[in-house]
Amino acid sequence: MYEITIAALLTIITAATPLVYAAIGEMIAEKSGVLNLGVEGMILVGAVCGFATVHFSGSATLAILVGLVAGAGLSLIFAVLVLGFQATQVATGLALTIFGVGVSALLGQDLVGIAYDGLPKISIPLLSSLPLFGTLLFAHDIMVYGSFILVIATAWFLRRTRAGLILRAVGDSHDAAHAIGYPVIRIRYMAILFGGAMAGLSGAYLSLAYSPLWIENMSAGRGWIALALVVFATWRPWRVLVGAYLFGGITILQLHAQALGVGVPAQVMSMLPYLATIVVLVMISRDNNKIKLNAPACIGKPFHPTS
Amino acid sequence: MLFSLVKRAEYSRTMVYVSPLIALVLTLISGIIMFQVMGADPAKALYAFFAEPISTKYGWAELGVKATPLILIGVALSVGFRAGVWNIGAEGQLTLGAICGGGVALWFYQVDSAFVLPLMIIAGALGGMLWAAIPAFLKTRFNANEILTSLMLSYVAILLLSLLVHGPWRDPDGFNFPESRIFSNSATLPVIWPGTRLHLGWLITVAAVITVWVIMSKTIIGFQVNVIGQAPQAGRHAGFSVKRMIWFSLLLGGAMAGLAGMIEVSGPIGQLSPSISPGYGFTAIIVAFVGRLHPVGVLFAGLVIALSYLGGESAQITMNLPLAVTGVFQGMLLFFLLACDVLVAYRLKFDSPFTSPARGRQHV
């Protein structure tokens with residue numbers, strides 16, 4: 001029983017980690033006032049590029065980096081269109097997802113059916129041999145540790161640093177921030193690129209660690225769940241972490257229930273994460289004040305210095 | 001920088017029509033580059049993609065078959081997008097329409113009556129409306145973002161279809177394949193162009209385009225959609241109900257997407273199977289934008305995008321190019337269109353290197 005519990009908890013961590021990366025990245029972009037609906041596309045491109053790199057070079061470190069760069073590269077298209085060409089954020093984000101799905105399928109057509117061993121686990125000496133929690137907490141791959149560092153760093157950045165304050169100011173009132181003299185457009189470029197890079201990491205984690213192979217559309221809506229998580233978390237890093245683990249738990253629950261042969265059809269169990277997303281979204285959104293108080297005030301609004 | 005954007009005093013009407021054409025040309029140029037990179041002969045690839053599919057009578061009919069769901073959904077989505085209602089879940093509404101319409105066909109599979117098809121049409125539209133009513137309710141009652149709820153419901157709908165064709169609706173004589181019975185003749189849309197696959201759904205689509213055009217240009221609800229989309233404040237002062245707009249847009253989108261789903265299973269497919277749509281519900285978003293959110297524009301845009309589907313298949317067969325090229329083309333077209341649309345509200349001003357940039361310009 002003990003081993004089963006530990007195994008289940010370990011898989012929850014692997015299911016939650018890609019959500020943490022994608023949602024934290026999107027949260028930073030949204031904090032700067034930009035809604036990027038292209039997360040799903042950026043995850044897929046990150047996943048395929050990461051997997052291709054590890055397949056051809058054998059280096060996992062390089063693969064993670066390439067995933068990051070690929071996600072950021074795709075988000076640059078979005079940034080140029082939205083910030084440079086004043087395109088609608090919602091439509092451009094959707095275009096990015098459609099484009100990302102197509103490009104990833106195109107790039108990955110020769111990679112289908114190839115397997116990879118998965119990212120190596122890094123056991124922290126001494127700590128990982130602790131009883132009970134040792135393997136649970138201190139024997140993961142580098143990206144799991146990275147996801148926790150990311151949450152801590154983001155929370156610190158937003159609350160404790162001057163740059164974080166400026167980012168929030170740009171997202172809450174771009175006109176005021178512009179009037180004071182902050183480079184609104186440049187800050188938003190950086191926030192979007194960061195969001196893209198994190199979505200790329202999320203994809204790299206999927207194809208390198210979660211299920212180490214490449215399948216078309218392997219993200220299965222995780223980009224959209226990440227978008228919902230940001231709302232669920234009311235734009236706070238710690239709650240993103242909680243939400244991601246909640247959803248990781250639901251994903252794993254359905255996998256284990258299928259394995260145990262619970263008398264519910266597999267398809268019904270697979271609906272759970274999507275239905276849970278809707279329920280959670282409704283629960284948070286019903287209190288309009290809560291959303292209004294926490295959401296960046298300028299989210300989705302275009303900024304042009306003369307208008 | 002070489003040029004800057006200067007806001008126009010008035011939106012350019014010319015640019016509204018010219019920008020999709022510029023976007024199309026830019027997409028073709030990018031396509032040439034893409035084929036070159038992939039090592040395919042660009043001229044041959046472009047021919048296989050955009051000319052070969054419509055070089056025969058059969059090809060033109062196929063264009064209509066492929067364009068039918070795209071136009072039906074695109075025309076309904078464009079109404080919602082005008083009102084600022086982002087129904088992204090048309091794929092799920094299409095699936096529910098296929099389930100409900102197909103369910104009627106399976107229920108009456110031994111009945112040979114002229115009433116089966118009309119019943120399927122009604123069931124399909126109602127199924128799509130039901131699925132779209134969920135995000136409408138959650139948005140108006142609980143303020144939940146319709147983009148995310150409608151999209152999540154798409155995944156649920158596709159799983160529901162998979163559940164049905166793997167389980168209770170599986171063809172009892174079908175060697176265990178996850179497919180339903182093949183629909184009876186009275187549950188199949190009649191072909192309107194002998195010798196091809198072009199079916200009655202195409203006429204339904206043309207009628208839907210005209211209907212939506214009339215609604216949008218001649219009725220008060222069409223006027224309200226435009227006002228609320230362009231100036232929500234003015235709409236509220238005029239006493240237009242935003243909630244009613246949300247319900248109207250989503251139910252219309254759901255009905256048309258459901259109809260499209262029913263047409264797909266009753267026409268070209270002829271049975272229920274786990275995958276009934278190669279993402280028509282999502283591609284219809286591109287169709288709506290390329291068609292300038294106008295019913296007639298959507299009609300043409302639907303044909304162009306349908307050609308990209310046919311072209312993908314033809315290029316796969318004749319040149320062994322991957323089918324995913326289609327998605328890349330569609331994504332690029334929307335990117336270029338969104339970029340070109342900047343010219344509707346702004347004009348380019350080419351900077352002379354000798355004058356200093358004046359205030360009121362943004363450098364790109």
# chains A, B, ... in the order shown; residues from 1 in each chain; ligands from 1

call {"tool": "interface_residues", "arguments": {"of": "chain A", "to": "chain B", "cutoff": "7 Å", "atoms": "only C-alpha atoms", "output": "ChimeraX atom specification"}}
result
/A:81,84-87,92,95,98-99,102-103,105-106,224,228,267,271,274,278,281-282,285-286,305-306

call {"tool": "select_by_dssp", "arguments": {"residues": "range 165-339 of chain B", "states": "helix (DSSP H, G or I)", "output": "PyMOL selection string"}}
result
chain B and resi 165-166+185-187+200-218+220-230+232-237+242-269+280-290+295-319+325-339

call {"tool": "closest_residue", "arguments": {"among": "A:Leu35, A:Val90, A:Met27, A:Ala115", "to": "Trp214 in chain A", "atoms": "only C-alpha atoms"}}
result
A:Ala115

call {"tool": "residues_around", "arguments": {"residues": "Ile228 in chain B", "least_positions_apart": "5", "cutoff": "9 Å", "atoms": "only C-alpha atoms", "output": "count of residues only"}}
result
12

call {"tool": "residues_around", "arguments": {"residues": "range 56-68 of chain B", "least_positions_apart": "2", "cutoff": "6 Å", "atoms": "only C-alpha atoms", "output": "list in words"}}
result
Pro53, Ile54, Leu70, Ile71, Thr196, Leu198, Trp202, Gly302, Leu303 and Ala306 of chain B

call {"tool": "residues_around", "arguments": {"residues": "range 52-67 of chain A", "least_positions_apart": "2", "cutoff": "10 Å", "atoms": "only C-alpha atoms", "output": "ChimeraX atom specification"}}
result
/A:42-50,69-73,107-108,110-111,114-116,118-120,142-143,196-205,207-208,213-214

call {"tool": "write_last_selection", "arguments": {"atoms": "C-alpha atoms", "output": "CSV table (one decimal), in the first residue's frame"}}
result
chain,number,residue,atom,x,y,z
A,42,MET,CA,3.8,26.8,-28.0
A,43,ILE,CA,3.7,23.7,-25.8
A,44,LEU,CA,3.5,21.4,-28.8
A,45,VAL,CA,6.3,23.2,-30.6
A,46,GLY,CA,8.4,23.0,-27.5
A,47,ALA,CA,7.6,19.3,-27.1
A,48,VAL,CA,8.5,18.4,-30.7
A,49,CYS,CA,11.7,20.5,-30.8
A,50,GLY,CA,12.8,19.1,-27.4
A,69,VAL,CA,14.0,28.6,-27.3
A,70,ALA,CA,11.4,27.1,-29.6
A,71,GLY,CA,8.5,28.2,-27.3
A,72,ALA,CA,10.0,31.7,-27.0
A,73,GLY,CA,10.5,31.8,-30.8
A,107,LEU,CA,8.3,18.9,-37.7
A,108,GLY,CA,7.5,15.7,-35.9
A,110,ASP,CA,9.5,11.4,-38.7
A,111,LEU,CA,9.7,11.2,-34.9
A,114,ILE,CA,10.5,6.6,-31.4
A,115,ALA,CA,11.0,6.2,-27.6
A,116,TYR,CA,13.4,7.9,-25.2
A,118,GLY,CA,13.3,9.9,-20.1
A,119,LEU,CA,15.1,12.5,-18.1
A,120,PRO,CA,17.6,11.2,-15.6
A,142,ILE,CA,16.0,18.5,-12.9
A,143,MET,CA,12.8,20.0,-14.4
A,196,GLY,CA,6.6,31.4,-24.6
A,197,ALA,CA,9.8,30.1,-23.1
A,198,MET,CA,8.0,28.6,-20.1
A,199,ALA,CA,5.4,27.0,-22.4
A,200,GLY,CA,8.3,25.6,-24.4
A,201,LEU,CA,9.7,24.1,-21.2
A,202,SER,CA,6.3,22.7,-20.4
A,203,GLY,CA,6.3,20.9,-23.8
A,204,ALA,CA,9.8,19.7,-23.4
A,205,TYR,CA,8.9,18.2,-20.1
A,207,SER,CA,8.0,14.8,-24.5
A,208,LEU,CA,11.2,14.2,-22.4
A,213,LEU,CA,8.0,10.2,-27.0
A,214,TRP,CA,6.4,12.4,-29.6

call {"tool": "atom_distance", "arguments": {"atom1": "CA of Lys31 in chain A", "atom2": "CA of Leu167 in chain A"}}
result
6.8 Å

call {"tool": "decode", "arguments": {"residues": "range 79-102 of chain A", "atoms": "N, CA and C atoms", "output": "short mmCIF file (atom, residue, chain, number, x, y, z; two decimals), in the first residue's frame"}}
result
data_model
loop_
_atom_site.label_atom_id
_atom_site.label_comp_id
_atom_site.auth_asym_id
_atom_site.auth_seq_id
_atom_site.Cartn_x
_atom_site.Cartn_y
_atom_site.Cartn_z
N ALA A 79 4.06 38.20 -30.32
CA ALA A 79 4.43 39.50 -29.77
C ALA A 79 4.50 40.56 -30.88
N VAL A 80 5.12 40.20 -32.00
CA VAL A 80 5.26 41.16 -33.10
C VAL A 80 3.87 41.55 -33.62
N LEU A 81 3.00 40.56 -33.79
CA LEU A 81 1.67 40.85 -34.33
C LEU A 81 0.87 41.73 -33.37
N VAL A 82 0.91 41.38 -32.09
CA VAL A 82 0.06 42.05 -31.12
C VAL A 82 0.62 43.42 -30.74
N LEU A 83 1.95 43.48 -30.55
CA LEU A 83 2.54 44.73 -30.08
C LEU A 83 2.94 45.62 -31.25
N GLY A 84 3.48 45.01 -32.31
CA GLY A 84 3.92 45.81 -33.45
C GLY A 84 2.79 46.16 -34.38
N PHE A 85 1.95 45.16 -34.69
CA PHE A 85 0.91 45.38 -35.69
C PHE A 85 -0.47 45.60 -35.08
N GLN A 86 -0.55 45.74 -33.78
CA GLN A 86 -1.82 46.07 -33.13
C GLN A 86 -2.94 45.06 -33.43
N ALA A 87 -2.57 43.79 -33.63
CA ALA A 87 -3.58 42.78 -33.92
C ALA A 87 -4.33 42.41 -32.65
N THR A 88 -5.57 41.93 -32.82
CA THR A 88 -6.36 41.51 -31.67
C THR A 88 -5.67 40.35 -30.96
N GLN A 89 -5.60 40.43 -29.63
CA GLN A 89 -4.87 39.40 -28.89
C GLN A 89 -5.57 38.06 -28.96
N VAL A 90 -6.90 38.06 -28.84
CA VAL A 90 -7.63 36.78 -28.83
C VAL A 90 -7.44 36.05 -30.15
N ALA A 91 -7.66 36.76 -31.26
CA ALA A 91 -7.56 36.12 -32.57
C ALA A 91 -6.13 35.68 -32.84
N THR A 92 -5.15 36.51 -32.48
CA THR A 92 -3.76 36.16 -32.74
C THR A 92 -3.34 34.94 -31.92
N GLY A 93 -3.80 34.89 -30.67
CA GLY A 93 -3.49 33.73 -29.84
C GLY A 93 -4.07 32.46 -30.42
N LEU A 94 -5.29 32.54 -30.90
CA LEU A 94 -5.91 31.36 -31.52
C LEU A 94 -5.12 30.94 -32.75
N ALA A 95 -4.70 31.95 -33.55
CA ALA A 95 -3.92 31.65 -34.74
C ALA A 95 -2.62 30.95 -34.35
N LEU A 96 -2.02 31.39 -33.25
CA LEU A 96 -0.76 30.80 -32.80
C LEU A 96 -0.96 29.33 -32.44
N THR A 97 -2.09 29.02 -31.80
CA THR A 97 -2.36 27.63 -31.45
C THR A 97 -2.55 26.79 -32.70
N ILE A 98 -3.36 27.29 -33.66
CA ILE A 98 -3.60 26.53 -34.89
C ILE A 98 -2.29 26.31 -35.64
N PHE A 99 -1.48 27.38 -35.71
CA PHE A 99 -0.19 27.31 -36.38
C PHE A 99 0.75 26.33 -35.66
N GLY A 100 0.77 26.42 -34.33
CA GLY A 100 1.66 25.55 -33.55
C GLY A 100 1.30 24.08 -33.71
N VAL A 101 0.01 23.78 -33.73
CA VAL A 101 -0.42 22.40 -33.92
C VAL A 101 0.08 21.89 -35.28
N GLY A 102 -0.09 22.74 -36.33
CA GLY A 102 0.34 22.35 -37.67
C GLY A 102 1.84 22.19 -37.77
#
